[in-house]
Amino acid sequence: MAYPPNWLFTLFSFLGLVLVLLPLPWHLQAWNIGTCAYMIWTTIGCFITFVNSIVWNGRFRDIAPVWCDISIYSYNDGLNVSVPVCMLCISRRLYHIATLDPLKRTIKQRHREMIFDLCLCILVPVAQAVVAYIPQGQRYVIYENLGCYPAISNNWVALLLFSSWPVILGFISAVYSVLNLILFRKRQKTFERMLSPHHGLTAGRYTRLMFIAIADIVFMVPLTLYVFCMNAAHLIPWISWEETHFGFNVIYVYPAAVWQNGSGFMLEVERYFSPFSAFVFFVTIGLTREARANYRRAVESVLSVFGFSLGPVNKRASLTTEIDTEIGFTPVETRGRVSIASMYGNVHPLLITECSPYVVVARLLRAAQPNPSTCTPTLIV
């Protein structure tokens, strides 16, 4: 079987790392724990696999033992459940938005939900990495071109503590996603009004997040279920702790000619999981108008260091961006009209000037008084 060249994966992992990392700063402002955790874990996965593909390109010697210890516990063991649990948090939050009245939720309730999601996205992967040591037969193994991987013994303990959790989390997320689709279809006409109390969350953004959850579930649940069934069909007996960890510090290395003739297909598929998750996120979230505006600002900030610029933007875009960035509201686009989403609902399209209340308040917050003589009306329709 022909395998793709290693440089191709290096390129994909680097692009995935950049594409999913760029939108992270402005997503942190929305305090969507599931989405931010998804981006962070995917970034970690892309970075570690990117480094591994370079360090062990054409090599299979144990040349970086410390890096291997860090990578297998922070990435290989933790990523086994990190992305599924982030998908669960995203689907769960979307379900609560669709079913709970946001005007009746107190600040304490929202803080408790954020803390619960934060614990779920951090503690569950950490706990998975800890319990994975129980069925871990060797410190790690090294595959040529792939790098370091955990050596999990395929027994019933590993099946219970390691292989089953992605399947369980994936099925729970699938249930939430199906319910979200049903609720969205039933309440599609009133969704904008329901979402208005949620800062920066519009019907378009809601559907994009729902698409991410569904896309990951469509690919993740069958893959994890397949791996689970394959492991269950080839179990070896658990004898004892001592037998499992005998020769724990012995490092096995596998040239590409060896592992590609064995279970190489699944190893190759698994390492593309993080870049795939990054590209799914970018296609869904990273191509929106808001994301493109943020990309432009990021590129301009880099070019300004060297004295270059991308050129001026039109008045309409710059003024809308000013309101968005200075006040912290997110433009809601509906049939060519722009309104401002605030905690009081969607403001109707209005005549916005450089001295309108929204821009004045924003500039007052920055201690910059506007000049009334320079007020030029600009109609946003």
# chains A, B, ... in the order shown; residues from 1 in each chain; ligands from 1

$ residues_around --residues "Gly16 in chain A" --least-positions-apart "6" --cutoff "9 Å" --atoms "only C-alpha atoms" --output "PyMOL selection string"
chain A and resi 42-43+46-47+274-279+282

$ write_last_selection --atoms "N, CA and C atoms" --output "compact mmCIF listing (two decimals), in the first residue's frame"
# COMPACT_ATOMS: atom_id res chain seq x y z
N THR A 42 -6.45 21.26 19.59
CA THR A 42 -6.10 21.00 18.19
C THR A 42 -4.76 21.63 17.84
N THR A 43 -4.51 22.84 18.38
CA THR A 43 -3.22 23.49 18.17
C THR A 43 -2.09 22.66 18.76
N CYS A 46 -1.53 19.61 16.50
CA CYS A 46 -0.84 19.95 15.25
C CYS A 46 0.63 20.28 15.50
N PHE A 47 0.90 20.98 16.61
CA PHE A 47 2.29 21.36 16.90
C PHE A 47 3.15 20.13 17.20
N SER A 274 -5.59 15.58 13.97
CA SER A 274 -5.48 16.98 14.41
C SER A 274 -5.52 17.96 13.25
N PRO A 275 -4.75 17.76 12.17
CA PRO A 275 -4.89 18.67 11.03
C PRO A 275 -6.29 18.67 10.43
N PHE A 276 -6.94 17.51 10.41
CA PHE A 276 -8.31 17.45 9.90
C PHE A 276 -9.24 18.29 10.77
N SER A 277 -9.12 18.17 12.10
CA SER A 277 -9.95 18.97 13.00
C SER A 277 -9.69 20.46 12.80
N ALA A 278 -8.42 20.82 12.57
CA ALA A 278 -8.09 22.23 12.34
C ALA A 278 -8.72 22.75 11.06
N PHE A 279 -8.69 21.97 9.99
CA PHE A 279 -9.26 22.42 8.72
C PHE A 279 -10.78 22.48 8.79
N PHE A 282 -11.47 25.73 10.49
CA PHE A 282 -11.17 26.90 9.65
C PHE A 282 -12.22 27.09 8.56

$ closest_residue --among "A:Asn154, A:Gly78, A:Phe12, A:Tyr149" --to "Val124 in chain A" --atoms "only C-alpha atoms"
A:Gly78

$ residues_around --residues "Leu88 in chain A" --least-positions-apart "4" --cutoff "10 Å" --atoms "only C-alpha atoms" --output "list in words"
Gly34, Ser82, Val83, Pro84, Arg92, Arg93, Leu94, Asp117, Leu120, Cys121, Leu169, Gly170, Phe171, Ile172, Ser173, Ala174, Val175, Tyr176, Ser177, Ala213 and Ile217 of chain A

$ closest_residue --among "A:Leu79, A:Arg185, A:Thr106, A:Met114" --to "Ser163 in chain A" --atoms "only C-alpha atoms"
A:Leu79

$ select_by_dssp --residues "range 110-254 of chain A" --states "strand (DSSP E)" --output "list in words"
Gln136, Gly137, Gln138, Arg139, Tyr140, Val141, Ile142, Tyr143, Gly147, Cys148, Tyr149, Pro150, Ala151, Ile152, Tyr252, Val253 and Tyr254 of chain A

$ atom_distance --atom1 "CA of Ile122 in chain A" --atom2 "CA of Pro25 in chain A"
18.8 Å

$ select_by_dssp --residues "range 23-239 of chain A" --states "alpha helix (DSSP H)" --output "ChimeraX atom specification"
/A:24-28,33-55,65-71,79-99,107-131,156-158,164-186,191-195,203-233

$ write_last_selection --atoms "C-alpha atoms" --output "compact mmCIF listing (two decimals), in the first residue's frame"
# COMPACT_ATOMS: atom_id res chain seq x y z
CA LEU A 24 -8.03 32.05 19.08
CA PRO A 25 -7.54 35.59 20.56
CA TRP A 26 -10.92 36.93 19.49
CA HIS A 27 -12.71 33.69 20.39
CA LEU A 28 -11.31 33.97 23.91
CA ILE A 33 -15.05 27.38 26.70
CA GLY A 34 -15.78 24.43 24.42
CA THR A 35 -14.73 26.25 21.23
CA CYS A 36 -11.57 27.72 22.79
CA ALA A 37 -10.57 24.38 24.31
CA TYR A 38 -11.15 22.71 20.94
CA MET A 39 -8.83 25.22 19.31
CA ILE A 40 -6.16 24.88 22.00
CA TRP A 41 -6.13 21.07 21.99
CA THR A 42 -6.10 21.00 18.19
CA THR A 43 -3.22 23.49 18.17
CA ILE A 44 -1.26 21.31 20.61
CA GLY A 45 -1.93 18.25 18.49
CA CYS A 46 -0.84 19.95 15.25
CA PHE A 47 2.29 21.36 16.90
CA ILE A 48 3.44 18.05 18.40
CA THR A 49 2.81 16.04 15.22
CA PHE A 50 4.49 18.78 13.19
CA VAL A 51 7.62 18.57 15.36
CA ASN A 52 7.59 14.77 15.31
CA SER A 53 7.33 14.66 11.52
CA ILE A 54 10.44 16.85 11.26
CA VAL A 55 12.59 15.33 14.02
CA PRO A 65 13.48 11.10 25.26
CA VAL A 66 12.28 14.13 27.24
CA TRP A 67 10.25 15.40 24.31
CA CYS A 68 8.73 11.93 23.87
CA ASP A 69 7.64 11.79 27.51
CA ILE A 70 6.00 15.21 27.24
CA SER A 71 4.35 14.57 23.89
CA LEU A 79 -5.98 13.94 22.81
CA ASN A 80 -7.66 10.55 22.96
CA VAL A 81 -10.55 12.30 24.74
CA SER A 82 -9.76 16.04 24.50
CA VAL A 83 -11.42 16.71 21.13
CA PRO A 84 -14.44 14.46 21.88
CA VAL A 85 -15.00 16.18 25.24
CA CYS A 86 -14.72 19.62 23.59
CA MET A 87 -17.34 18.52 21.05
CA LEU A 88 -19.53 17.48 23.96
CA CYS A 89 -19.15 20.91 25.59
CA ILE A 90 -20.00 22.71 22.33
CA SER A 91 -23.07 20.54 21.68
CA ARG A 92 -24.19 20.82 25.28
CA ARG A 93 -23.89 24.62 25.28
CA LEU A 94 -25.84 24.92 22.03
CA TYR A 95 -28.56 22.72 23.49
CA HIS A 96 -28.82 24.87 26.61
CA ILE A 97 -29.00 28.02 24.49
CA ALA A 98 -31.87 26.53 22.51
CA THR A 99 -33.83 25.24 25.53
CA ILE A 107 -24.63 35.56 36.35
CA LYS A 108 -23.81 32.86 38.92
CA GLN A 109 -25.50 30.22 36.79
CA ARG A 110 -23.50 31.25 33.76
CA HIS A 111 -20.28 31.22 35.76
CA ARG A 112 -21.08 27.73 37.05
CA GLU A 113 -21.65 26.53 33.49
CA MET A 114 -18.32 28.02 32.40
CA ILE A 115 -16.49 26.41 35.31
CA PHE A 116 -18.14 23.05 34.56
CA ASP A 117 -17.11 23.24 30.88
CA LEU A 118 -13.60 24.32 31.85
CA CYS A 119 -13.21 21.38 34.25
CA LEU A 120 -14.60 19.02 31.64
CA CYS A 121 -12.21 20.21 28.91
CA ILE A 122 -9.12 20.14 31.17
CA LEU A 123 -9.62 17.56 33.91
CA VAL A 124 -11.00 14.78 31.69
CA PRO A 125 -7.98 14.74 29.32
CA VAL A 126 -5.61 15.00 32.30
CA ALA A 127 -7.39 12.11 34.03
CA GLN A 128 -7.22 10.09 30.81
CA ALA A 129 -3.46 10.68 30.57
CA VAL A 130 -3.04 9.53 34.19
CA VAL A 131 -5.09 6.33 33.97
CA TRP A 156 -9.49 -5.45 28.80
CA VAL A 157 -8.10 -2.80 31.16
CA ALA A 158 -6.96 -0.67 28.21
CA SER A 164 -14.05 3.19 25.41
CA TRP A 165 -14.18 6.86 26.44
CA PRO A 166 -13.95 8.43 22.95
CA VAL A 167 -16.86 6.21 21.88
CA ILE A 168 -18.95 7.12 24.93
CA LEU A 169 -18.28 10.85 24.61
CA GLY A 170 -18.92 10.72 20.87
CA PHE A 171 -22.32 9.08 21.30
CA ILE A 172 -23.37 11.59 23.98
CA SER A 173 -22.36 14.45 21.68
CA ALA A 174 -24.28 12.82 18.84
CA VAL A 175 -27.44 12.79 20.96
CA TYR A 176 -27.02 16.50 21.76
CA SER A 177 -26.39 17.29 18.09
CA VAL A 178 -29.53 15.50 16.95
CA LEU A 179 -31.56 17.38 19.57
CA ASN A 180 -29.98 20.66 18.45
CA LEU A 181 -30.99 19.99 14.85
CA ILE A 182 -34.57 19.23 15.90
CA LEU A 183 -34.80 22.35 18.07
CA PHE A 184 -33.23 24.56 15.44
CA ARG A 185 -35.70 23.36 12.82
CA LYS A 186 -38.66 23.91 15.15
CA PHE A 191 -33.71 31.97 16.82
CA GLU A 192 -32.32 35.48 16.32
CA ARG A 193 -34.46 36.77 19.20
CA MET A 194 -33.41 33.83 21.41
CA LEU A 195 -29.73 34.37 20.69
CA ALA A 203 -27.95 32.31 14.19
CA GLY A 204 -25.18 32.03 11.62
CA ARG A 205 -22.53 31.43 14.27
CA TYR A 206 -24.84 28.98 16.05
CA THR A 207 -25.28 26.92 12.88
CA ARG A 208 -21.53 27.00 12.18
CA LEU A 209 -20.75 25.67 15.65
CA MET A 210 -23.42 23.04 15.19
CA PHE A 211 -21.85 22.05 11.87
CA ILE A 212 -18.43 21.64 13.53
CA ALA A 213 -19.92 19.35 16.16
CA ILE A 214 -21.81 17.29 13.57
CA ALA A 215 -18.84 17.06 11.18
CA ASP A 216 -16.50 15.84 13.92
CA ILE A 217 -19.10 13.36 15.14
CA VAL A 218 -19.73 11.99 11.63
CA PHE A 219 -16.03 11.19 11.27
CA MET A 220 -15.07 10.68 14.92
CA VAL A 221 -17.74 8.24 16.10
CA PRO A 222 -17.26 5.71 13.25
CA LEU A 223 -13.46 5.92 13.55
CA THR A 224 -13.35 5.49 17.34
CA LEU A 225 -15.98 2.74 17.14
CA TYR A 226 -13.91 0.95 14.51
CA VAL A 227 -10.75 1.20 16.63
CA PHE A 228 -12.68 -0.01 19.67
CA CYS A 229 -14.05 -3.04 17.80
CA MET A 230 -10.64 -3.89 16.34
CA ASN A 231 -9.04 -3.74 19.80
CA ALA A 232 -11.85 -5.79 21.32
CA ALA A 233 -11.38 -8.48 18.66

$ atom_distance --atom1 "CA of Leu161 in chain A" --atom2 "CA of Arg271 in chain A"
21.1 Å

$ closest_residue --among "A:Leu19, A:Thr10, A:His234, A:Ile251" --to "Ile142 in chain A" --atoms "only C-alpha atoms"
A:Ile251

$ closest_residue --among "A:Tyr73, A:Leu146, A:Gln260, A:Trp7" --to "Arg59 in chain A" --atoms "only C-alpha atoms"
A:Leu146

$ closest_residue --among "A:Leu17, A:Ile134, A:Leu8, A:Ala64" --to "Glu242 in chain A" --atoms "only C-alpha atoms"
A:Ile134

$ residues_around --residues "Asn249 in chain A" --least-positions-apart "3" --cutoff "12 Å" --atoms "only C-alpha atoms" --output "PyMOL selection string"
chain A and resi 62+65+69+136-141+151+245-246+252

$ write_last_selection --atoms "all heavy atoms" --output "short mmCIF file (atom, residue, chain, number, x, y, z; two decimals), in the first residue's frame"
data_model
loop_
_atom_site.label_atom_id
_atom_site.label_comp_id
_atom_site.auth_asym_id
_atom_site.auth_seq_id
_atom_site.Cartn_x
_atom_site.Cartn_y
_atom_site.Cartn_z
N ASP A 62 16.09 6.84 19.23
CA ASP A 62 15.59 7.55 20.41
C ASP A 62 16.50 8.74 20.68
O ASP A 62 17.41 8.68 21.52
CB ASP A 62 15.55 6.59 21.61
CG ASP A 62 14.91 7.22 22.83
OD1 ASP A 62 14.22 8.25 22.66
OD2 ASP A 62 15.10 6.70 23.95
N PRO A 65 14.33 11.79 24.29
CA PRO A 65 13.48 11.10 25.26
C PRO A 65 12.59 12.02 26.09
O PRO A 65 11.45 11.67 26.39
CB PRO A 65 14.49 10.36 26.15
CG PRO A 65 15.79 11.07 25.96
CD PRO A 65 15.77 11.57 24.56
N ASP A 69 8.44 11.90 26.28
CA ASP A 69 7.64 11.79 27.51
C ASP A 69 6.57 12.88 27.57
O ASP A 69 5.42 12.62 27.95
CB ASP A 69 8.55 11.90 28.74
CG ASP A 69 9.38 10.64 28.96
OD1 ASP A 69 8.90 9.56 28.57
OD2 ASP A 69 10.49 10.75 29.50
N GLN A 136 -0.19 0.81 30.19
CA GLN A 136 0.94 1.18 29.33
C GLN A 136 2.09 0.22 29.54
O GLN A 136 2.67 0.14 30.62
CB GLN A 136 1.37 2.62 29.64
CG GLN A 136 2.45 3.16 28.73
CD GLN A 136 2.75 4.62 29.00
OE1 GLN A 136 1.93 5.32 29.59
NE2 GLN A 136 3.91 5.07 28.57
N GLY A 137 2.43 -0.52 28.50
CA GLY A 137 3.45 -1.56 28.62
C GLY A 137 4.87 -1.04 28.59
O GLY A 137 5.74 -1.56 29.30
N GLN A 138 5.14 -0.05 27.75
CA GLN A 138 6.46 0.55 27.64
C GLN A 138 6.35 2.07 27.79
O GLN A 138 5.27 2.62 27.69
CB GLN A 138 7.12 0.22 26.28
CG GLN A 138 7.81 -1.12 26.22
CD GLN A 138 6.80 -2.25 26.06
OE1 GLN A 138 5.83 -2.11 25.33
NE2 GLN A 138 7.03 -3.36 26.75
N ARG A 139 7.51 2.66 28.03
CA ARG A 139 7.56 4.11 28.20
C ARG A 139 7.00 4.81 26.97
O ARG A 139 6.17 5.70 27.05
CB ARG A 139 9.01 4.52 28.46
CG ARG A 139 9.23 5.97 28.79
CD ARG A 139 10.70 6.19 29.11
NE ARG A 139 11.06 7.60 29.19
CZ ARG A 139 12.30 8.03 29.34
NH1 ARG A 139 13.30 7.14 29.42
NH2 ARG A 139 12.56 9.31 29.39
N TYR A 140 7.46 4.40 25.80
CA TYR A 140 6.92 4.84 24.51
C TYR A 140 7.58 4.02 23.42
O TYR A 140 8.56 3.28 23.67
CB TYR A 140 7.15 6.34 24.26
CG TYR A 140 8.58 6.81 24.41
CD1 TYR A 140 9.50 6.67 23.38
CD2 TYR A 140 9.00 7.40 25.59
CE1 TYR A 140 10.81 7.09 23.52
CE2 TYR A 140 10.31 7.83 25.75
CZ TYR A 140 11.21 7.68 24.70
OH TYR A 140 12.52 8.09 24.86
N VAL A 141 7.05 4.11 22.23
CA VAL A 141 7.67 3.49 21.06
C VAL A 141 7.88 4.57 20.02
O VAL A 141 7.25 5.63 20.06
CB VAL A 141 6.80 2.35 20.48
CG1 VAL A 141 6.67 1.21 21.47
CG2 VAL A 141 5.43 2.87 20.08
N ALA A 151 2.77 3.18 24.20
CA ALA A 151 2.71 1.73 24.02
C ALA A 151 1.65 1.18 24.97
O ALA A 151 1.96 0.74 26.09
CB ALA A 151 4.07 1.09 24.28
N HIS A 245 4.08 -4.03 33.12
CA HIS A 245 5.13 -3.00 33.16
C HIS A 245 6.54 -3.59 33.18
O HIS A 245 7.51 -2.86 33.45
CB HIS A 245 4.93 -2.10 34.38
CG HIS A 245 3.69 -1.27 34.30
ND1 HIS A 245 2.47 -1.74 34.70
CD2 HIS A 245 3.48 0.00 33.85
CE1 HIS A 245 1.55 -0.80 34.52
NE2 HIS A 245 2.13 0.26 34.00
N PHE A 246 6.67 -4.88 32.90
CA PHE A 246 7.99 -5.49 32.85
C PHE A 246 8.76 -4.94 31.65
O PHE A 246 8.25 -4.90 30.53
CB PHE A 246 7.87 -7.01 32.74
CG PHE A 246 9.21 -7.71 32.68
CD1 PHE A 246 9.95 -7.91 33.83
CD2 PHE A 246 9.72 -8.14 31.46
CE1 PHE A 246 11.19 -8.55 33.78
CE2 PHE A 246 10.95 -8.77 31.39
CZ PHE A 246 11.68 -8.97 32.55
N TYR A 252 11.12 0.47 22.02
CA TYR A 252 11.06 -0.23 20.74
C TYR A 252 10.98 0.80 19.61
O TYR A 252 10.22 1.77 19.70
CB TYR A 252 9.86 -1.16 20.68
CG TYR A 252 9.95 -2.34 21.63
CD1 TYR A 252 9.35 -2.29 22.87
CD2 TYR A 252 10.66 -3.49 21.27
CE1 TYR A 252 9.45 -3.36 23.75
CE2 TYR A 252 10.75 -4.56 22.14
CZ TYR A 252 10.14 -4.49 23.38
OH TYR A 252 10.25 -5.54 24.24
#

$ atom_distance --atom1 "CA of Val20 in chain A" --atom2 "CA of Thr288 in chain A"
13.8 Å

$ decode --residues "range 60-96 of chain A" --atoms "N, CA and C atoms" --output "PDB file, in the first residue's frame"
ATOM      1  N   PHE A  60      14.536   6.774  13.169  1.00  0.00           N
ATOM      2  CA  PHE A  60      13.759   6.023  14.155  1.00  0.00           C
ATOM      3  C   PHE A  60      14.573   5.747  15.418  1.00  0.00           C
ATOM      4  N   ARG A  61      15.628   6.538  15.643  1.00  0.00           N
ATOM      5  CA  ARG A  61      16.411   6.401  16.872  1.00  0.00           C
ATOM      6  C   ARG A  61      15.789   7.225  17.994  1.00  0.00           C
ATOM      7  N   ASP A  62      16.091   6.837  19.227  1.00  0.00           N
ATOM      8  CA  ASP A  62      15.588   7.547  20.407  1.00  0.00           C
ATOM      9  C   ASP A  62      16.503   8.737  20.685  1.00  0.00           C
ATOM     10  N   ILE A  63      16.237   9.853  20.014  1.00  0.00           N
ATOM     11  CA  ILE A  63      17.127  11.017  20.094  1.00  0.00           C
ATOM     12  C   ILE A  63      16.565  12.128  20.971  1.00  0.00           C
ATOM     13  N   ALA A  64      15.304  12.025  21.420  1.00  0.00           N
ATOM     14  CA  ALA A  64      14.698  13.088  22.237  1.00  0.00           C
ATOM     15  C   ALA A  64      13.767  12.465  23.275  1.00  0.00           C
ATOM     16  N   PRO A  65      14.329  11.793  24.287  1.00  0.00           N
ATOM     17  CA  PRO A  65      13.482  11.097  25.265  1.00  0.00           C
ATOM     18  C   PRO A  65      12.588  12.022  26.085  1.00  0.00           C
ATOM     19  N   VAL A  66      13.095  13.202  26.450  1.00  0.00           N
ATOM     20  CA  VAL A  66      12.275  14.128  27.244  1.00  0.00           C
ATOM     21  C   VAL A  66      11.083  14.612  26.426  1.00  0.00           C
ATOM     22  N   TRP A  67      11.345  14.965  25.174  1.00  0.00           N
ATOM     23  CA  TRP A  67      10.251  15.395  24.306  1.00  0.00           C
ATOM     24  C   TRP A  67       9.205  14.285  24.141  1.00  0.00           C
ATOM     25  N   CYS A  68       9.656  13.051  24.025  1.00  0.00           N
ATOM     26  CA  CYS A  68       8.728  11.932  23.866  1.00  0.00           C
ATOM     27  C   CYS A  68       7.847  11.773  25.098  1.00  0.00           C
ATOM     28  N   ASP A  69       8.441  11.902  26.282  1.00  0.00           N
ATOM     29  CA  ASP A  69       7.644  11.793  27.511  1.00  0.00           C
ATOM     30  C   ASP A  69       6.574  12.875  27.569  1.00  0.00           C
ATOM     31  N   ILE A  70       6.964  14.104  27.208  1.00  0.00           N
ATOM     32  CA  ILE A  70       6.004  15.212  27.242  1.00  0.00           C
ATOM     33  C   ILE A  70       4.915  15.015  26.195  1.00  0.00           C
ATOM     34  N   SER A  71       5.312  14.631  24.998  1.00  0.00           N
ATOM     35  CA  SER A  71       4.355  14.574  23.895  1.00  0.00           C
ATOM     36  C   SER A  71       3.335  13.453  24.066  1.00  0.00           C
ATOM     37  N   ILE A  72       3.760  12.290  24.551  1.00  0.00           N
ATOM     38  CA  ILE A  72       2.794  11.188  24.620  1.00  0.00           C
ATOM     39  C   ILE A  72       1.774  11.420  25.723  1.00  0.00           C
ATOM     40  N   TYR A  73       2.162  12.108  26.813  1.00  0.00           N
ATOM     41  CA  TYR A  73       1.196  12.342  27.886  1.00  0.00           C
ATOM     42  C   TYR A  73       0.330  13.569  27.617  1.00  0.00           C
ATOM     43  N   SER A  74       0.895  14.596  27.005  1.00  0.00           N
ATOM     44  CA  SER A  74       0.110  15.808  26.753  1.00  0.00           C
ATOM     45  C   SER A  74      -0.699  15.715  25.477  1.00  0.00           C
ATOM     46  N   TYR A  75      -0.257  14.918  24.526  1.00  0.00           N
ATOM     47  CA  TYR A  75      -0.953  14.855  23.247  1.00  0.00           C
ATOM     48  C   TYR A  75      -1.612  13.498  23.014  1.00  0.00           C
ATOM     49  N   ASN A  76      -0.801  12.429  22.909  1.00  0.00           N
ATOM     50  CA  ASN A  76      -1.351  11.144  22.510  1.00  0.00           C
ATOM     51  C   ASN A  76      -2.381  10.613  23.494  1.00  0.00           C
ATOM     52  N   ASP A  77      -2.044  10.660  24.793  1.00  0.00           N
ATOM     53  CA  ASP A  77      -2.986  10.164  25.794  1.00  0.00           C
ATOM     54  C   ASP A  77      -4.125  11.152  26.011  1.00  0.00           C
ATOM     55  N   GLY A  78      -3.798  12.451  26.148  1.00  0.00           N
ATOM     56  CA  GLY A  78      -4.834  13.438  26.408  1.00  0.00           C
ATOM     57  C   GLY A  78      -5.735  13.673  25.219  1.00  0.00           C
ATOM     58  N   LEU A  79      -5.175  13.671  23.989  1.00  0.00           N
ATOM     59  CA  LEU A  79      -5.980  13.937  22.807  1.00  0.00           C
ATOM     60  C   LEU A  79      -6.952  12.802  22.521  1.00  0.00           C
ATOM     61  N   ASN A  80      -6.728  11.662  23.133  1.00  0.00           N
ATOM     62  CA  ASN A  80      -7.661  10.552  22.957  1.00  0.00           C
ATOM     63  C   ASN A  80      -9.083  10.946  23.340  1.00  0.00           C
ATOM     64  N   VAL A  81      -9.221  11.859  24.314  1.00  0.00           N
ATOM     65  CA  VAL A  81     -10.551  12.304  24.742  1.00  0.00           C
ATOM     66  C   VAL A  81     -10.721  13.816  24.668  1.00  0.00           C
ATOM     67  N   SER A  82      -9.659  14.579  24.425  1.00  0.00           N
ATOM     68  CA  SER A  82      -9.762  16.044  24.503  1.00  0.00           C
ATOM     69  C   SER A  82     -10.706  16.600  23.447  1.00  0.00           C
ATOM     70  N   VAL A  83     -10.525  16.217  22.180  1.00  0.00           N
ATOM     71  CA  VAL A  83     -11.416  16.712  21.128  1.00  0.00           C
ATOM     72  C   VAL A  83     -12.841  16.196  21.309  1.00  0.00           C
ATOM     73  N   PRO A  84     -13.061  14.900  21.615  1.00  0.00           N
ATOM     74  CA  PRO A  84     -14.437  14.459  21.883  1.00  0.00           C
ATOM     75  C   PRO A  84     -15.106  15.202  23.030  1.00  0.00           C
ATOM     76  N   VAL A  85     -14.377  15.494  24.107  1.00  0.00           N
ATOM     77  CA  VAL A  85     -14.999  16.181  25.237  1.00  0.00           C
ATOM     78  C   VAL A  85     -15.271  17.642  24.888  1.00  0.00           C
ATOM     79  N   CYS A  86     -14.442  18.255  24.050  1.00  0.00           N
ATOM     80  CA  CYS A  86     -14.724  19.615  23.587  1.00  0.00           C
ATOM     81  C   CYS A  86     -15.972  19.634  22.710  1.00  0.00           C
ATOM     82  N   MET A  87     -16.122  18.623  21.867  1.00  0.00           N
ATOM     83  CA  MET A  87     -17.342  18.521  21.055  1.00  0.00           C
ATOM     84  C   MET A  87     -18.574  18.368  21.943  1.00  0.00           C
ATOM     85  N   LEU A  88     -18.419  17.631  23.023  1.00  0.00           N
ATOM     86  CA  LEU A  88     -19.525  17.478  23.964  1.00  0.00           C
ATOM     87  C   LEU A  88     -19.884  18.808  24.608  1.00  0.00           C
ATOM     88  N   CYS A  89     -18.886  19.598  24.983  1.00  0.00           N
ATOM     89  CA  CYS A  89     -19.147  20.912  25.589  1.00  0.00           C
ATOM     90  C   CYS A  89     -19.836  21.845  24.605  1.00  0.00           C
ATOM     91  N   ILE A  90     -19.393  21.841  23.344  1.00  0.00           N
ATOM     92  CA  ILE A  90     -20.005  22.706  22.334  1.00  0.00           C
ATOM     93  C   ILE A  90     -21.456  22.301  22.108  1.00  0.00           C
ATOM     94  N   SER A  91     -21.703  21.014  21.922  1.00  0.00           N
ATOM     95  CA  SER A  91     -23.066  20.541  21.675  1.00  0.00           C
ATOM     96  C   SER A  91     -23.963  20.795  22.882  1.00  0.00           C
ATOM     97  N   ARG A  92     -23.412  20.600  24.056  1.00  0.00           N
ATOM     98  CA  ARG A  92     -24.195  20.816  25.284  1.00  0.00           C
ATOM     99  C   ARG A  92     -24.555  22.293  25.444  1.00  0.00           C
ATOM    100  N   ARG A  93     -23.611  23.184  25.161  1.00  0.00           N
ATOM    101  CA  ARG A  93     -23.890  24.622  25.278  1.00  0.00           C
ATOM    102  C   ARG A  93     -24.942  25.064  24.266  1.00  0.00           C
ATOM    103  N   LEU A  94     -24.843  24.574  23.035  1.00  0.00           N
ATOM    104  CA  LEU A  94     -25.838  24.922  22.028  1.00  0.00           C
ATOM    105  C   LEU A  94     -27.220  24.415  22.415  1.00  0.00           C
ATOM    106  N   TYR A  95     -27.272  23.261  23.040  1.00  0.00           N
ATOM    107  CA  TYR A  95     -28.559  22.725  23.487  1.00  0.00           C
ATOM    108  C   TYR A  95     -29.159  23.586  24.594  1.00  0.00           C
ATOM    109  N   HIS A  96     -28.324  24.018  25.534  1.00  0.00           N
ATOM    110  CA  HIS A  96     -28.818  24.873  26.614  1.00  0.00           C
ATOM    111  C   HIS A  96     -29.274  26.230  26.082  1.00  0.00           C
TER     112      HIS A  96
END
